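Engineer: I'm passing along coords02.txt; it holds compact mmCIF, C-alpha atoms.
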```txt
# COMPACT_ATOMS: atom_id res chain seq x y z
CA ALA A 272 -19.40 15.93 18.87
CA TRP A 273 -22.26 13.72 18.00
CA ALA A 274 -25.94 14.23 18.60
CA GLY A 275 -28.29 11.30 19.20
CA ILE A 276 -29.55 8.98 16.51
CA SER A 277 -33.02 10.24 15.62
CA LEU A 278 -35.57 7.44 15.46
CA ASP A 279 -39.21 7.54 16.49
CA ARG A 280 -38.59 4.72 18.92
CA ARG A 281 -38.30 4.20 22.64
CA ARG A 282 -34.93 5.24 24.07
CA ALA A 283 -32.79 2.39 25.27
CA ARG A 284 -30.82 2.70 28.47
CA ALA A 285 -27.33 2.17 27.08
CA ALA A 286 -25.10 4.70 25.32
CA ALA A 287 -23.23 3.71 22.19
CA ALA A 288 -19.66 4.84 22.71
CA ALA A 289 -18.79 7.08 19.77
CA ASN A 290 -15.66 9.16 20.25
CA PRO A 291 -15.50 11.75 17.43
CA GLY A 292 -11.74 11.57 17.41
CA ASP A 293 -11.06 14.96 19.02
CA GLY A 294 -9.70 13.54 22.26
CA ARG A 295 -12.69 14.44 24.41
CA SER A 296 -14.85 12.08 26.43
CA ALA A 297 -18.17 10.91 25.03
CA ALA A 298 -19.71 12.00 28.30
CA GLY A 299 -19.68 15.59 27.14
CA CYS A 300 -17.96 18.69 28.45
CA ALA A 301 -18.91 21.60 30.63
CA CYS A 302 -18.62 24.93 28.88
CA CYS A 303 -17.23 27.79 30.92
CA ASP A 304 -19.05 31.06 31.43
CA CYS A 305 -16.07 33.24 30.63
CA CYS A 306 -17.33 34.16 27.17
CA TYR A 307 -20.39 35.79 28.64
CA GLY A 308 -19.09 38.20 31.25
CA ASP A 309 -21.00 41.32 32.16
CA GLY A 310 -18.97 43.55 29.87
CA ASP A 311 -20.17 47.02 28.99
CA GLY A 312 -23.49 45.73 27.68
CA GLY A 313 -23.85 48.56 25.19
CA SER A 314 -25.12 50.85 27.95
CA ALA A 315 -24.39 54.55 28.38
CA ASP A 316 -22.10 53.78 31.32
CA GLY A 317 -20.35 51.17 29.23
CA ALA A 318 -19.89 53.66 26.39
CA ALA A 319 -18.36 56.14 28.83
CA ARG A 320 -15.96 53.51 30.11
CA ALA A 321 -15.02 52.56 26.57
CA ARG A 322 -14.30 56.18 25.69
CA ALA A 323 -12.19 56.49 28.84
CA ARG A 324 -10.18 53.45 27.83
CA THR A 325 -9.73 54.27 24.17
CA GLY A 326 -9.99 58.03 24.02
CA LYS A 327 -12.27 57.54 21.02
CA ALA A 328 -15.92 58.41 20.52
CA GLY A 329 -18.50 56.12 18.95
CA PRO A 330 -17.63 52.74 20.55
CA VAL A 331 -20.83 51.04 19.40
CA ALA A 332 -19.31 49.33 16.36
CA GLN A 333 -16.29 48.26 18.39
CA THR A 334 -18.54 46.89 21.15
CA ARG A 335 -20.53 44.90 18.58
CA ARG A 336 -17.38 43.40 17.13
CA GLN A 337 -16.17 42.44 20.59
CA LYS A 338 -19.46 40.77 21.48
CA ILE A 339 -19.60 38.89 18.20
CA ALA A 340 -16.00 37.75 18.65
CA ALA A 341 -16.85 36.48 22.11
CA LEU A 342 -19.71 34.41 20.72
CA LEU A 343 -17.37 32.73 18.27
CA LEU A 344 -15.23 31.40 21.11
CA LEU A 345 -17.96 28.85 21.82
CA ALA A 346 -17.84 27.34 18.34
CA GLY A 347 -15.59 24.46 19.34
CA LEU A 348 -17.04 23.74 22.78
CA LEU A 349 -20.16 21.76 21.98
CA HIS A 350 -19.92 18.07 22.73
CA THR A 351 -22.81 15.66 23.20
CA PRO A 352 -23.02 11.88 23.60
CA ALA A 353 -24.46 9.51 21.02
CA PHE A 354 -27.40 7.41 22.17
CA ALA A 355 -28.50 4.17 20.57
CA GLN A 356 -32.23 3.62 20.37
CA ILE A 357 -33.48 0.12 19.83
CA ALA A 358 -37.17 -0.71 19.42
CA PRO A 359 -39.24 -2.23 20.86
CA PHE A 360 -37.10 -3.07 23.89
CA ASP A 361 -35.68 -1.18 26.84
CA ASP A 362 -33.63 -4.28 27.65
CA PHE A 363 -31.24 -5.47 24.94
CA LYS A 364 -31.10 -9.12 25.93
CA HIS A 365 -34.13 -10.17 23.84
CA THR A 366 -33.32 -7.95 20.86
CA PRO A 367 -31.08 -10.33 18.84
CA GLU A 368 -33.66 -13.12 18.91
CA TYR A 369 -36.34 -10.70 17.80
CA TYR A 370 -34.41 -9.21 14.88
CA SER A 371 -32.07 -11.99 13.76
CA ALA A 372 -34.38 -13.71 11.28
CA LYS A 373 -35.50 -10.40 9.77
CA ALA A 374 -31.91 -9.21 9.50
CA LYS A 375 -30.81 -12.41 7.76
CA ALA A 376 -33.73 -11.97 5.37
CA GLY A 377 -32.31 -8.57 4.36
CA ASP A 378 -34.44 -6.12 6.36
CA PRO A 379 -32.21 -2.99 6.74
CA GLN A 380 -33.98 -1.77 9.89
CA ALA A 381 -33.59 -5.17 11.52
CA MET A 382 -29.92 -5.29 10.55
CA PHE A 383 -29.38 -1.93 12.16
CA TYR A 384 -31.19 -2.75 15.39
CA LEU A 385 -29.44 -6.11 15.61
CA GLY A 386 -26.06 -4.44 15.21
CA LEU A 387 -26.83 -1.88 17.91
CA ALA A 388 -28.02 -4.58 20.28
CA ILE A 389 -24.90 -6.66 19.77
CA GLU A 390 -22.79 -3.56 20.43
CA ALA A 391 -24.56 -3.07 23.75
CA LEU A 392 -24.46 -6.73 24.78
CA GLY A 393 -20.75 -7.16 24.13
CA PRO A 394 -18.38 -9.90 22.93
CA ASP A 395 -20.52 -12.87 23.92
CA ALA A 396 -23.38 -11.59 21.76
CA ALA A 397 -20.97 -10.89 18.91
CA ARG A 398 -19.70 -14.46 18.99
CA ARG A 399 -23.26 -15.76 18.80
CA TRP A 400 -24.90 -13.28 16.44
CA GLY A 401 -22.03 -11.81 14.41
CA ALA A 402 -19.95 -8.63 14.48
CA PRO A 403 -22.09 -5.56 15.18
CA ASP A 404 -20.17 -3.40 12.73
CA ALA A 405 -20.90 -5.86 9.94
CA TRP A 406 -24.66 -5.68 10.54
CA ILE A 407 -24.58 -1.89 10.74
CA ALA A 408 -22.50 -1.71 7.56
CA GLU A 409 -24.99 -3.92 5.73
CA ALA A 410 -27.85 -1.69 6.83
CA ALA A 411 -25.89 1.35 5.70
CA SER A 412 -25.22 -0.25 2.32
CA ALA A 413 -28.94 -0.88 2.01
CA GLY A 414 -29.49 2.89 2.31
CA LEU A 415 -30.70 3.29 5.90
CA PRO A 416 -29.67 6.82 6.97
CA GLU A 417 -29.49 6.01 10.69
CA ALA A 418 -27.13 3.13 9.93
CA GLN A 419 -25.01 5.36 7.70
CA TYR A 420 -24.78 7.84 10.56
CA ARG A 421 -23.76 5.16 13.07
CA LEU A 422 -21.22 3.72 10.64
CA ALA A 423 -19.74 7.21 10.33
CA GLN A 424 -19.34 7.32 14.10
CA ILE A 425 -17.61 3.96 14.09
CA ALA A 426 -15.33 5.02 11.22
CA LEU A 427 -14.28 8.23 12.97
CA ALA A 428 -13.54 6.35 16.18
CA ARG A 429 -11.20 4.14 14.14
CA GLY A 430 -9.59 7.08 12.39
CA ASP A 431 -11.15 6.43 8.99
CA ARG A 432 -12.22 10.00 8.24
CA ALA A 433 -12.83 9.36 4.54
CA LEU A 434 -15.38 6.61 5.24
CA ALA A 435 -17.00 8.73 7.93
CA ILE A 436 -17.47 11.65 5.56
CA ARG A 437 -18.89 9.43 2.83
CA GLN A 438 -21.45 7.96 5.20
CA LEU A 439 -22.32 11.32 6.72
CA ASP A 440 -22.84 12.78 3.26
CA LEU A 441 -25.27 9.98 2.42
CA ALA A 442 -27.21 10.33 5.65
CA ALA A 443 -27.27 14.11 5.42
CA ALA A 444 -28.53 13.98 1.83
CA ALA A 445 -31.32 11.68 3.03
CA GLY A 446 -32.40 14.40 5.45
CA LEU A 447 -31.13 13.04 8.78
CA ALA A 448 -30.71 16.16 10.92
CA ASP A 449 -28.06 14.66 13.21
CA ALA A 450 -25.94 13.73 10.19
CA GLN A 451 -26.37 17.20 8.71
CA PHE A 452 -25.29 18.76 11.99
CA ASN A 453 -22.20 16.62 12.43
CA ARG A 454 -21.15 16.83 8.78
CA ALA A 455 -21.42 20.61 9.13
CA ARG A 456 -19.13 20.49 12.15
CA LEU A 457 -16.53 18.57 10.18
CA ALA A 458 -16.81 21.07 7.31
CA SER A 459 -16.42 23.95 9.75
CA GLY A 460 -13.30 22.35 11.19
CA GLU A 461 -11.88 22.14 7.69
CA GLY A 462 -12.64 25.82 7.04
CA ASP A 463 -15.42 25.08 4.55
CA MET A 464 -17.89 27.55 6.00
CA ALA A 465 -20.16 27.53 2.94
CA THR A 466 -20.85 23.82 3.40
CA ALA A 467 -21.12 24.24 7.15
CA ARG A 468 -23.73 27.00 6.84
CA ARG A 469 -25.74 25.02 4.30
CA LEU A 470 -25.87 21.87 6.42
CA TYR A 471 -26.42 23.71 9.70
CA THR A 472 -29.33 25.45 7.99
CA ASP A 473 -30.79 22.16 6.78
CA ALA A 474 -30.66 20.72 10.29
CA ALA A 475 -31.80 23.93 11.96
CA ARG A 476 -34.90 24.09 9.79
CA GLN A 477 -35.79 20.62 11.06
CA GLY A 478 -35.66 21.92 14.63
CA HIS A 479 -32.19 20.67 15.59
CA GLY A 480 -31.28 22.84 18.58
CA LEU A 481 -27.50 22.48 18.44
CA ALA A 482 -27.56 23.16 14.70
CA ARG A 483 -29.49 26.36 15.37
CA PHE A 484 -26.86 27.44 17.89
CA ASN A 485 -23.91 26.59 15.64
CA LEU A 486 -25.58 28.19 12.64
CA ALA A 487 -25.85 31.41 14.61
CA LEU A 488 -22.13 31.25 15.36
CA ALA A 489 -21.36 30.53 11.71
CA LEU A 490 -23.38 33.59 10.71
CA LEU A 491 -21.22 35.70 13.02
CA ASN A 492 -17.86 34.78 11.56
CA GLY A 493 -17.10 38.37 10.60
CA ASP A 494 -16.81 37.94 6.86
CA ALA A 495 -18.90 39.63 4.19
CA LYS A 496 -21.74 37.20 4.83
CA ALA A 497 -22.05 37.98 8.54
CA ALA A 498 -25.74 38.23 9.44
CA PRO A 499 -26.23 39.21 13.09
CA VAL A 500 -30.00 39.66 12.80
CA GLU A 501 -30.51 36.15 11.42
CA ALA A 502 -28.02 34.85 13.97
CA LEU A 503 -30.05 36.35 16.80
CA ALA A 504 -33.21 34.73 15.44
CA TRP A 505 -31.57 31.29 15.50
CA LEU A 506 -30.16 31.90 18.97
CA MET A 507 -33.62 32.81 20.23
CA LEU A 508 -34.99 29.53 18.89
CA ALA A 509 -32.06 27.54 20.31
CA ALA A 510 -32.64 29.18 23.68
CA GLU A 511 -36.28 28.03 23.59
CA GLN A 512 -34.91 24.49 23.32
CA ASP A 513 -32.62 25.05 26.33
CA VAL A 514 -29.44 24.65 24.31
CA ALA A 515 -26.49 25.42 26.60
CA ASN A 516 -25.29 29.03 26.34
CA ALA A 517 -27.92 29.96 23.74
CA ALA A 518 -29.89 32.27 26.03
CA ALA A 519 -26.73 34.03 27.24
CA ALA A 520 -25.49 34.38 23.68
CA ALA A 521 -28.83 35.78 22.54
CA ARG A 522 -28.84 38.37 25.32
CA GLN A 523 -25.31 39.48 24.59
CA LEU A 524 -25.83 39.69 20.84
CA ALA A 525 -29.13 41.53 21.31
CA ALA A 526 -27.31 44.13 23.41
CA ALA A 527 -25.02 44.78 20.44
CA LEU A 528 -27.91 45.36 18.01
CA THR A 529 -30.28 48.27 17.56
CA PRO A 530 -33.93 48.09 18.69
CA ASP A 531 -35.04 47.80 15.06
CA GLU A 532 -32.63 44.91 14.48
CA ARG A 533 -33.87 43.13 17.60
CA ALA A 534 -37.47 43.51 16.46
CA GLU A 535 -36.56 42.18 13.03
CA ALA A 536 -34.84 39.18 14.62
CA ALA A 537 -37.95 38.42 16.69
CA ARG A 538 -40.13 38.50 13.58
CA LEU A 539 -37.71 36.24 11.72
CA ALA A 540 -37.68 33.78 14.62
CA GLU A 541 -41.45 33.50 14.37
CA THR A 542 -41.12 32.74 10.68
CA LEU A 543 -38.41 30.12 11.25
CA ARG A 544 -40.09 28.43 14.23
```
Here is a file; write its structure as structure tokens.
Structural biologist:
Amino acid sequence: AWAGISLDRRRARAAAAANPGDGRSAAGCACCDCCYGDGDGGSADGAARARARTGKAGPVAQTRRQKIAALLLLAGLLHTPAFAQIAPFDDFKHTPEYYSAKAKAGDPQAMFYLGLAIEALGPDAARRWGAPDAWIAEAASAGLPEAQYRLAQIALARGDRALAIRQLDLAAAAGLADAQFNRARLASGEGDMATARRLYTDAARQGHGLARFNLALALLNGDAKAAPVEALAWLMLAAEQDVANAAAAARQLAAALTPDERAEAARLAETLR
């Protein structure tokens, strides 16, 4: 899953195909609603039903664990397309002429934009202006974080995970929120939750909505570092950004917390906003 390349430029109309290698379409997926059924909701009626089912008193802790477990089912469902943004044009056809001289003179930004334009224009442009991957790789070598991020996408699509991780690490260290988010996802898939939390946090603090959502899920993994109050705060912020499932997740987690915990989460969200 790859979020868009973050540049303060006008959005171009074409999408850069960037399959993350997990077998899903770059068009995205539709998450189901099954993880957020009505449930018992932590209500008195729900508690009575739980006691009837289990024969045990005090179902609150069990209900919380069930709700948190349900939230974790969404961890692998996020999938977003990667968009190429090329300034100053909405139409790629004039872009190579505009950037070619600057790119040949060694301007990393021009190299990057030229590579993206050639990608969008196709083989004819590549024959005239050069391979797009080569221009993007040169921009990445020159230290441009956006180019490093795009090169990581290209590497993953080709199955070169090692190169992808190296480039993502560089872009993430430079502060690119999209790179931090996607490197965190790779770390999470490898079971390295410490790295995933750190990078999700870095991206979330920059306002990355999907990172805020995934960070909340990472904070609810059930180990000794589980932090449901902080998780709720991040879910509240993700919901404000209309991240899919964030509002439903926030409501369900809030129902599993005490009033004091919910108030604490609201205060923390204000601090993190």
Engineer: Could you check which of A:Asp378, A:Gln451, A:Ala504, A:Ala396 is closest to A:Ala411, using all atoms listed in the file?
Structural biologist: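 Looking at the shortest contact to A:Ala411, the residue is A:Asp378.
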Engineer: Can you pull out the residues contacting stretch 517-520 of chain A? Cut-off 7 Å, using all atoms listed in the file, and skip same-chain residues under 3 positions away; I want them as a ChimeraX atom specification.
Structural biologist: /A:307,342,484,506-507,509-510,514,523-524
Engineer: Rank nothing, just name the residue among A:Ile389, A:Leu503, A:Ala374, A:Asp463 nearest to A:Ala413, using all atoms listed in the file.
Structural biologist: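 Closest candidate: A:Ala374.
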Engineer: Record the distance separating atom CA of A:Arg476 and atom CA of A:Glu501, expressed in Å with one decimal.
Structural biologist: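 Separating atom CA of A:Arg476 from atom CA of A:Glu501 is a distance of 12.9 Å.
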Engineer: Counting all atoms listed in the file, what is within 9 Å of A:Leu441, bar same-chain residues fewer than 4 positions away, as a ChimeraX atom specification?
Structural biologist: /A:414,416,419-420,436-437,445-446,450
Engineer: Just need the box for stretch 483-493 of chain A, edges along x, y and z, holding every atom the file lists for it with 3 Å tacked onto each side, so centre and edge lengths in Å to one decimal, as AutoDock Vina command-line options.
Structural biologist:
```
--center_x -23.3 --center_y 32.4 --center_z 14.2 --size_x 18.4 --size_y 18.0 --size_z 13.3
```
Engineer: Is there a way to get, as an MDAnalysis selection string, all residues within 9 Å of the point (-19.5, 14.1, 7.6) in file coordinates, counting only C-alpha atoms?
Structural biologist: chainID A and resid 420 423 432:443 450:458
Engineer: What does the distance from atom CA of A:Ala418 to atom CA of A:Met464 come to in Å, to one decimal?
Structural biologist: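 These atoms are spaced 26.4 Å apart.
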Engineer: Find, counting all atoms listed in the file, the residue in A:Val500, A:Ala428, A:Thr542, A:Ala465 that gets nearest to A:Ala525.
Structural biologist: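 Selected residue with least distance to A:Ala525: A:Val500.
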Engineer: Within 12 Å of A:Glu368, counting all atoms listed in the file, which residues show up once you throw out same-chain ones fewer than 2 positions away? Write them as an MDAnalysis selection string, please.
Structural biologist: chainID A and resid 360 363:366 370:375 381 384:385 388:389 396 399:400
Engineer: Can you tell me how far atom CA of A:Ala515 sits from atom CA of A:Gly478, in Å to one decimal?
Structural biologist: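 Between these atoms lies a distance of 15.5 Å.
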Engineer: Using all atoms listed in the file for the distances, tell me which of A:Asn516, A:Thr466, A:Asn485, A:Gln380 is nearest to A:Leu415.
Structural biologist: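 Looking at the shortest contact to A:Leu415, the residue is A:Gln380.
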Engineer: For a quick check of understanding, using all atoms listed in the file, which of A:Ala376, A:Arg468, A:Tyr369, A:Ala426 has the smallest distance to A:Leu491?
Structural biologist: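 Under the stated criterion, the closest residue is A:Arg468.
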Engineer: Between A:Ala405, A:Ala475, A:Leu470, A:Leu447, which is the closest to A:Glu390 once you count all atoms listed in the file?
Structural biologist: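 With all atoms listed in the file as the atom set, the closest residue is A:Ala405.
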